[in-house]
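File shown: query-v9.txt (compact mmCIF, C-alpha atoms and all ligand atoms).
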```
# COMPACT_ATOMS: atom_id res chain seq x y z
CA MET A 1111 12.96 8.41 -30.96
CA LYS A 1112 12.93 6.63 -27.65
CA ILE A 1113 10.30 3.93 -28.07
CA VAL A 1114 9.90 1.77 -24.99
CA LYS A 1115 8.72 -1.79 -25.35
CA VAL A 1116 6.87 -3.28 -22.41
CA LEU A 1117 6.82 -7.06 -22.56
CA GLY A 1118 3.67 -9.01 -21.83
CA ASN A 1119 2.14 -12.44 -22.35
CA ASP A 1120 -0.76 -11.15 -24.37
CA ARG A 1121 0.60 -10.49 -27.86
CA ARG A 1122 -2.65 -10.84 -29.79
CA HIS A 1123 -2.67 -7.19 -30.72
CA LYS A 1124 -0.10 -4.65 -31.74
CA VAL A 1125 -0.50 -1.80 -29.28
CA PHE A 1126 1.23 1.55 -29.50
CA VAL A 1127 0.73 4.47 -27.09
CA TYR A 1128 1.57 8.11 -27.70
CA ALA A 1129 1.96 9.49 -24.20
CA LEU A 1130 3.34 12.33 -22.11
CA SER A 1131 5.70 11.50 -19.25
CA THR A 1132 3.95 13.97 -16.93
CA CYS A 1133 0.39 12.91 -17.67
CA ALA A 1134 -1.49 10.93 -15.06
CA TRP A 1135 -4.02 9.54 -17.58
CA CYS A 1136 -1.15 8.29 -19.74
CA LYS A 1137 0.31 6.60 -16.69
CA LYS A 1138 -3.04 4.98 -15.97
CA THR A 1139 -3.18 3.71 -19.54
CA LYS A 1140 0.29 2.18 -19.34
CA LYS A 1141 -0.58 0.59 -16.01
CA PHE A 1142 -3.84 -0.82 -17.36
CA LEU A 1143 -1.98 -2.50 -20.21
CA GLU A 1144 0.71 -3.84 -17.87
CA ASP A 1145 -1.85 -5.14 -15.38
CA HIS A 1146 -3.57 -7.05 -18.17
CA GLY A 1147 -0.31 -8.51 -19.38
CA ILE A 1148 -0.59 -6.84 -22.75
CA GLU A 1149 2.59 -6.29 -24.68
CA PHE A 1150 2.88 -2.74 -25.96
CA GLU A 1151 5.17 0.02 -27.05
CA TYR A 1152 5.03 3.66 -26.07
CA VAL A 1153 6.76 6.96 -26.64
CA ASP A 1154 6.73 9.90 -24.23
CA VAL A 1155 6.28 12.71 -26.71
CA ASP A 1156 7.25 15.51 -24.30
CA LEU A 1157 10.73 13.98 -23.96
CA CYS A 1158 11.35 13.78 -27.71
CA SER A 1159 13.55 16.01 -29.81
CA LYS A 1160 12.04 18.52 -32.20
CA GLU A 1161 12.77 16.26 -35.17
CA ASP A 1162 11.05 13.28 -33.57
CA ILE A 1163 8.04 15.35 -32.59
CA GLU A 1164 7.73 16.47 -36.20
CA VAL A 1165 7.59 12.81 -37.25
CA ILE A 1166 4.97 12.10 -34.59
CA ARG A 1167 2.96 15.17 -35.54
CA SER A 1168 2.73 14.18 -39.19
CA GLU A 1169 1.91 10.60 -38.24
CA LEU A 1170 -0.94 11.73 -35.98
CA GLU A 1171 -2.14 14.13 -38.64
CA ARG A 1172 -2.09 11.38 -41.26
CA ARG A 1173 -4.33 9.31 -39.01
CA GLY A 1174 -6.63 12.27 -38.47
CA ALA A 1175 -5.93 12.03 -34.76
CA PRO A 1176 -6.08 15.06 -32.49
CA MET A 1177 -2.86 16.24 -30.86
CA SER A 1178 -3.80 15.10 -27.38
CA PHE A 1179 -2.66 12.26 -25.16
CA PRO A 1180 -2.77 9.41 -24.48
CA TYR A 1181 -3.54 8.22 -27.98
CA ILE A 1182 -3.59 4.44 -28.31
CA ILE A 1183 -3.32 2.71 -31.66
CA ILE A 1184 -4.38 -0.92 -31.84
CA ASP A 1185 -3.37 -3.13 -34.77
CA ASP A 1186 -2.49 -0.05 -36.78
CA ASN A 1187 -6.10 0.85 -37.37
CA VAL A 1188 -8.13 1.50 -34.21
CA GLY A 1189 -7.31 4.79 -32.47
CA ILE A 1190 -8.49 5.43 -28.92
CA LEU A 1191 -8.16 8.90 -27.45
CA GLY A 1192 -7.74 9.17 -23.72
CA PHE A 1193 -7.92 6.49 -21.06
CA ARG A 1194 -11.27 4.85 -21.80
CA GLU A 1195 -11.21 1.58 -19.98
CA ASP A 1196 -14.32 0.14 -21.65
CA GLU A 1197 -13.13 0.90 -25.16
CA LEU A 1198 -9.70 -0.51 -24.42
CA LYS A 1199 -11.15 -3.68 -22.95
CA GLU A 1200 -13.37 -4.21 -25.93
CA ALA A 1201 -10.69 -3.52 -28.52
CA LEU A 1202 -8.17 -5.72 -26.73
CA GLY A 1203 -10.58 -8.48 -25.80
CA VAL A 1204 -9.80 -8.46 -22.07
CA MET B 1388 12.30 24.89 -6.64
CA THR B 1389 8.73 23.94 -6.00
CA GLY B 1390 8.25 20.58 -4.32
CA LEU B 1391 5.28 18.25 -4.17
CA GLU B 1392 4.06 19.65 -0.86
CA GLU B 1393 4.15 23.20 -2.13
CA ALA B 1394 2.33 22.20 -5.32
CA LYS B 1395 -0.32 20.48 -3.23
CA ARG B 1396 -0.71 23.43 -0.90
CA ARG B 1397 -1.17 25.78 -3.87
CA ALA B 1398 -3.71 23.53 -5.55
CA GLU B 1399 -5.58 23.05 -2.28
CA SER B 1400 -5.87 26.74 -1.57
CA ASP B 1401 -6.89 27.42 -5.15
CA ALA B 1402 -9.53 24.69 -5.03
CA LYS B 1403 -10.86 26.10 -1.79
CA SER B 1404 -11.12 29.62 -3.12
CA ARG B 1405 -13.28 28.36 -5.99
CA GLY B 1406 -15.31 25.80 -4.12
CA TYR B 1407 -13.63 22.89 -5.93
CA PHE B 1408 -11.99 19.78 -4.55
CA LEU B 1409 -8.80 17.97 -5.46
CA ASN B 1410 -9.03 14.50 -6.97
CA PRO B 1411 -9.78 12.08 -4.12
CA ASP B 1412 -7.55 9.34 -5.59
CA THR B 1413 -4.32 10.06 -3.73
CA SER B 1414 -1.93 8.26 -6.03
CA PHE B 1415 -3.53 9.78 -9.13
CA LEU B 1416 -3.41 13.20 -7.46
CA ASN B 1417 0.26 12.76 -6.61
CA ASP B 1418 1.02 11.82 -10.22
CA LEU B 1419 -0.61 15.03 -11.40
CA LEU B 1420 1.19 17.15 -8.80
CA ALA B 1421 4.49 15.51 -9.73
CA GLY B 1422 3.74 16.39 -13.37
CA LEU B 1423 3.16 20.01 -12.42
CA VAL B 1424 6.38 20.13 -10.42
CA GLU B 1425 8.31 18.59 -13.31
CA ASN B 1426 6.86 21.05 -15.81
CA GLU B 1427 7.71 23.97 -13.55
CA ARG B 1428 11.27 22.68 -13.35
CA ARG B 1429 11.41 22.26 -17.11
CA TYR B 1430 9.67 25.36 -18.35
CA GLY B 1431 9.69 27.78 -15.44
CA TYR B 1432 5.94 27.59 -14.92
CA PRO B 1433 3.57 24.77 -13.94
CA SER B 1434 1.99 23.97 -17.28
CA CYS B 1435 -0.74 21.36 -17.53
CA PRO B 1436 0.68 17.85 -16.94
CA CYS B 1437 -1.71 16.31 -19.48
CA ARG B 1438 -0.92 18.65 -22.35
CA ILE B 1439 2.18 19.20 -24.38
CA ALA B 1440 4.00 22.43 -23.53
CA THR B 1441 6.59 24.28 -25.54
CA GLY B 1442 8.51 26.29 -22.96
CA LYS B 1443 7.46 29.40 -24.85
CA PHE B 1444 5.36 31.43 -22.50
CA GLU B 1445 3.19 33.01 -25.17
CA LEU B 1446 2.21 29.58 -26.55
CA ASP B 1447 1.70 27.98 -23.16
CA ARG B 1448 0.03 30.72 -21.13
CA ASP B 1449 -3.48 29.30 -21.56
CA ILE B 1450 -2.39 25.94 -20.13
CA ILE B 1451 -0.54 27.17 -17.05
CA CYS B 1452 -2.31 25.50 -14.15
CA PRO B 1453 -5.02 26.43 -13.35
CA CYS B 1454 -5.61 26.63 -17.08
CA ASP B 1455 -8.08 28.90 -18.84
CA TYR B 1456 -10.35 25.91 -19.51
CA ARG B 1457 -10.72 24.65 -15.97
CA ASP B 1458 -13.78 26.51 -14.79
CA ALA B 1459 -15.88 25.67 -17.83
CA ASP B 1460 -14.86 22.00 -17.65
CA VAL B 1461 -15.51 21.63 -13.94
CA GLU B 1462 -18.90 23.15 -14.45
CA LYS B 1463 -19.81 21.00 -17.45
CA TYR B 1464 -18.05 17.69 -16.72
CA GLY B 1465 -17.38 17.93 -13.00
CA ALA B 1466 -13.61 17.90 -13.50
CA CYS B 1467 -10.87 19.77 -15.29
CA TYR B 1468 -9.22 18.07 -18.27
CA CYS B 1469 -6.61 16.38 -16.05
CA ALA B 1470 -9.14 15.79 -13.25
CA LEU B 1471 -6.90 17.54 -10.74
CA TYR B 1472 -9.79 19.81 -9.79
CA VAL B 1473 -13.17 18.18 -9.33
CA ARG B 1474 -16.66 19.14 -8.30
CA LYS B 1475 -18.10 18.13 -4.92
CA ASP B 1476 -20.33 15.33 -6.25
CA ILE B 1477 -17.36 13.73 -8.00
CA PHE B 1478 -15.18 14.17 -4.93
CA GLU B 1479 -17.81 12.39 -2.87
CA GLY B 1480 -18.09 9.59 -5.42
CA LYS B 1481 -21.74 10.35 -6.17
CA THR B 1482 -21.04 10.92 -9.85
CA PRO B 1483 -18.61 8.78 -11.84
CA LEU B 1484 -15.63 10.55 -13.34
CA ASN B 1485 -15.51 10.25 -17.13
CA PRO B 1486 -12.76 11.45 -19.44
CA VAL B 1487 -13.10 15.16 -20.11
CA PRO B 1488 -12.83 16.10 -23.78
CA GLU B 1489 -10.14 18.59 -24.77
CA ARG B 1490 -11.48 22.12 -24.82
CA ARG B 1491 -8.25 23.77 -25.89
CA PRO B 1492 -8.75 24.84 -29.53
CA PRO B 1493 -7.14 22.46 -32.08
CA GLN B 1494 -5.12 25.26 -33.66
CA LYS B 1495 -3.47 25.94 -30.29
CA GLN B 1496 -2.74 22.24 -29.87
CA ARG B 1497 -1.19 22.12 -33.31
CA ALA B 1498 0.89 25.24 -32.66
CA ALA B 1499 2.06 23.65 -29.40
CA ILE B 1500 3.15 20.36 -30.91
CA SER B 1501 4.93 22.16 -33.75
CA ALA B 1502 6.94 24.21 -31.27
CA ALA B 1503 7.53 21.47 -28.68
CA GLY B 1504 10.63 19.36 -28.29
CA THR B 1505 13.45 18.98 -25.86
CA PRO B 1506 16.00 21.74 -26.06
CA VAL B 1507 19.63 21.07 -26.79
CA SER B 1508 20.47 21.82 -23.21
CA VAL B 1509 18.30 22.43 -20.19
CA SER B 1510 20.19 25.57 -19.25
CA VAL B 1511 18.94 27.25 -22.41
CA LYS B 1512 15.42 26.74 -21.16
CA ALA B 1513 16.21 28.15 -17.78
CA ALA B 1514 17.43 31.33 -19.42
CA GLU B 1515 14.12 31.67 -21.24
CA LYS B 1516 12.11 31.75 -18.06
CA PRO B 1517 9.97 34.81 -17.63
CA ASP B 1518 11.70 37.62 -15.78
CA VAL B 1519 9.57 37.20 -12.71
CA GLU B 1520 11.17 33.84 -12.08
CA LYS B 1521 14.65 35.20 -11.71
CA LYS B 1522 15.91 35.37 -8.21
CA GLU B 1523 18.73 37.56 -7.11
CA SER B 1524 21.17 35.25 -5.41
CA GLY B 1525 22.17 36.30 -1.96
CA ALA B 1526 20.00 39.40 -2.08
CA PRO B 1527 16.71 38.46 -0.49
CA GLY B 1528 14.32 41.29 0.09
CA MET B 1529 11.13 42.92 -0.90
CA LYS B 1530 10.44 43.89 -4.46
CA LEU B 1531 7.64 45.73 -6.12
CA TRP B 1532 5.58 43.68 -8.54
CA TYR B 1533 2.91 45.00 -10.82
CA CYS B 1534 0.24 43.05 -12.62
CA LYS B 1535 0.51 43.66 -16.35
CA GLN B 1536 -3.16 42.89 -16.72
CA CYS B 1537 -4.80 45.23 -14.20
CA GLY B 1538 -2.02 47.33 -12.74
CA TYR B 1539 -2.26 46.01 -9.17
CA VAL B 1540 1.02 46.52 -7.30
CA ALA B 1541 2.35 44.35 -4.49
CA LEU B 1542 5.44 44.62 -2.30
CA ARG B 1543 6.72 41.10 -1.75
CA ASP B 1544 9.83 39.00 -2.20
CA GLU B 1545 8.05 36.99 -4.90
CA PRO B 1546 5.17 37.90 -7.21
CA PRO B 1547 1.71 36.81 -6.01
CA TYR B 1548 0.68 33.37 -7.26
CA LEU B 1549 -2.59 34.85 -8.48
CA CYS B 1550 -3.46 38.50 -8.81
CA PRO B 1551 -5.97 39.16 -6.00
CA ILE B 1552 -7.77 41.71 -8.16
CA CYS B 1553 -8.04 40.26 -11.66
CA LYS B 1554 -6.87 36.65 -11.00
CA ALA B 1555 -4.06 36.90 -13.54
CA LYS B 1556 -1.39 34.26 -13.07
CA LYS B 1557 2.00 34.85 -11.43
CA GLU B 1558 3.63 35.04 -14.84
CA MET B 1559 1.69 38.21 -15.60
CA PHE B 1560 3.59 40.08 -12.89
CA ALA B 1561 6.65 42.14 -13.72
CA GLU B 1562 9.10 43.64 -11.29
CA VAL B 1563 9.07 47.39 -10.94
CA LYS B 1564 12.58 48.74 -10.72
CA LEU B 1565 12.78 51.90 -8.70
CA GLU B 1566 15.80 54.09 -8.60
CA LEU B 1567 16.13 56.41 -5.69
CA VAL B 1568 17.79 59.61 -6.68
CA GLY B 1569 19.31 62.12 -4.32
S1 LIG C 1 -6.59 20.69 -16.84
FE1 LIG C 1 -6.53 20.79 -14.62
S2 LIG C 1 -4.45 20.19 -14.07
FE2 LIG C 1 -4.44 20.66 -16.26
S3 LIG C 1 -3.86 22.85 -16.26
FE3 LIG C 1 -6.09 22.78 -16.30
S4 LIG C 1 -6.62 22.98 -14.14
FE4 LIG C 1 -4.48 22.40 -14.19
```
If you took the structure in this file and wrote it as structure tokens, what would it be?
Amino acid sequence: MKIVKVLGNDRRHKVFVYALSTCAWCKKTKKFLEDHGIEFEYVDVDLCSKEDIEVIRSELERRGAPMSFPYIIIDDNVGILGFREDELKEALGV
Amino acid sequence: MTGLEEAKRRAESDAKSRGYFLNPDTSFLNDLLAGLVENERRYGYPSCPCRIATGKFELDRDIICPCDYRDADVEKYGACYCALYVRKDIFEGKTPLNPVPERRPPQKQRAAISAAGTPVSVSVKAAEKPDVEKKESGAPGMKLWYCKQCGYVALRDEPPYLCPICKAKKEMFAEVKLELVG
């Protein structure tokens, strides 16, 4: 699975984004995190192999998350669906 | 191959015919159009940039742009799920644009993610394109296309983007092969 790590100065939280490479909201989410200097990792699900997508699918299912994107997981427990600036700001303390 | 300009022209004329507007944020709009162009290159049809597609027409047909959910979402939330198409008050900035919840049924989303994944080679995908996408190389000319949904027939070099009668998408058109005898 091609997980991309984006470096940032703010490493207070562990941030992981399930995204689609073609999705403008996903792009906005990545840009928001970058602009705030937040370190995060992401995977573009649409570019993954069938095997990797199966892993992602069961992971999302285990979390009770819907199969839509972007889905942002903060510190392994908070899940945010879609680009919701207010929720992201609050969860990340920015 | 559809380019960004062509994708924009299509979306603009479609928006106009429905009384919608395209997202006023130019860079956001271009990202969405680029996503549509990329999906058309990948799958043979412009599936929704913000949803996962499979490349299997039967599984993706409801999310080929403009998707089956657009009209209800624009009416209720002022924008389609991706916010490519927006209502006038959002276009004019009078109403803030909020994230639009996913209207596509969860079972369809699950079926999509289970069938998604990059193919072994891109050429395999190209071969799976619907028949209407195939172009005869070096033999340009008019063909007869019929709409599998309502039976409308058109004589054109390419199938209509939308059926003028029942609004079925381009992918619903099949070529009529005529053989002249005698
Ligand atoms: S949500 Fe918008 S951009 Fe996505 S397929 Fe539907 S109409 Fe097109």
Nearest to Thr1505 in chain B by atom-to-atom distance, counting only C-alpha atoms, from A:Asp1196, A:Glu1151, A:Glu1161, A:Asp1120
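Comparing A:Asp1196, A:Glu1151, A:Glu1161, A:Asp1120 against Thr1505 in chain B, the winner is A:Glu1161.
If all atoms listed in the file are the atoms counted, then among B:Ala1398, B:Leu1471, B:Ile1451, B:Ala1459 the closest residue to chain A is B:Leu1471.
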Near chain A, meaning an atom within 7 Å, which residues of chain B appear when counting all atoms listed in the file? Write them as number ranges by chain.
B: 1415, 1418-1419, 1422, 1436-1439, 1486, 1496-1497, 1500-1501, 1503-1505
Kindly provide, as AutoDock Vina command-line options, the centre and edge lengths (Å, one decimal) of an axis-aligned box around all atoms of ligand LIG 1 (chain C) given in the file, with 3 Å on each side.
```
--center_x -5.2 --center_y 21.6 --center_z -15.5 --size_x 8.8 --size_y 8.8 --size_z 8.8
```
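For the pair CA of Leu1409 in chain B and CA of Arg1428 in chain B, the separation is 22.1 Å.
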Would you compute the distance between atom S3 of ligand LIG 1 (chain C) and CA of Leu1420 in chain B? Give it in Å to one decimal.
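One can read the atom S3 of ligand LIG 1 (chain C) to CA of Leu1420 in chain B distance as 10.7 Å.
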Nearby polymer residues, ligand LIG 1 (chain C), at most 7 Å, all atoms listed in the file, as a list in words
Leu1419, Ser1434, Cys1435, Pro1436, Cys1437, Ile1450, Ile1451, Cys1452, Pro1453, Cys1454, Asp1455, Tyr1456, Arg1457, Cys1467, Tyr1468, Cys1469, Ala1470, Leu1471 and Tyr1472 of chain B
Distance CA of Tyr1407 in chain B-CA of Lys1475 in chain B, one decimal place?
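For CA of Tyr1407 in chain B relative to CA of Lys1475 in chain B, the distance reads 6.6 Å.
Across A:Ile1148, A:Met1111, A:Val1153, A:Val1116, the tightest approach to Tyr1181 in chain A is made by A:Val1153 when counting all atoms listed in the file.
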For Pro1547 in chain B, work out the shell of residues within 9 Å, counting all atoms listed in the file and skipping chain neighbours fewer than 6 positions away, then give it as number ranges by chain.
B: 1532, 1541, 1556-1557, 1560
Ranking B:Leu1446, B:Ile1477, B:Val1487, B:Cys1550 by minimum distance to Asp1460 in chain B and counting all atoms listed in the file, which one comes first?
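Of all the options, B:Val1487 lies closest to Asp1460 in chain B.
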Measuring between only C-alpha atoms, which one of B:Glu1558, B:Glu1462, B:Glu1445, B:Asp1412 shows the shortest distance to Gly1431 in chain B?
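Of B:Glu1558, B:Glu1462, B:Glu1445, B:Asp1412, the one nearest Gly1431 in chain B, counting only C-alpha atoms, is B:Glu1558.
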Which residue of A:Phe1126, A:Asp1154, A:Val1204, A:Gly1147 approaches Lys1112 in chain A most closely, using all atoms listed in the file
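That would be A:Asp1154, the residue with the smallest distance to Lys1112 in chain A.
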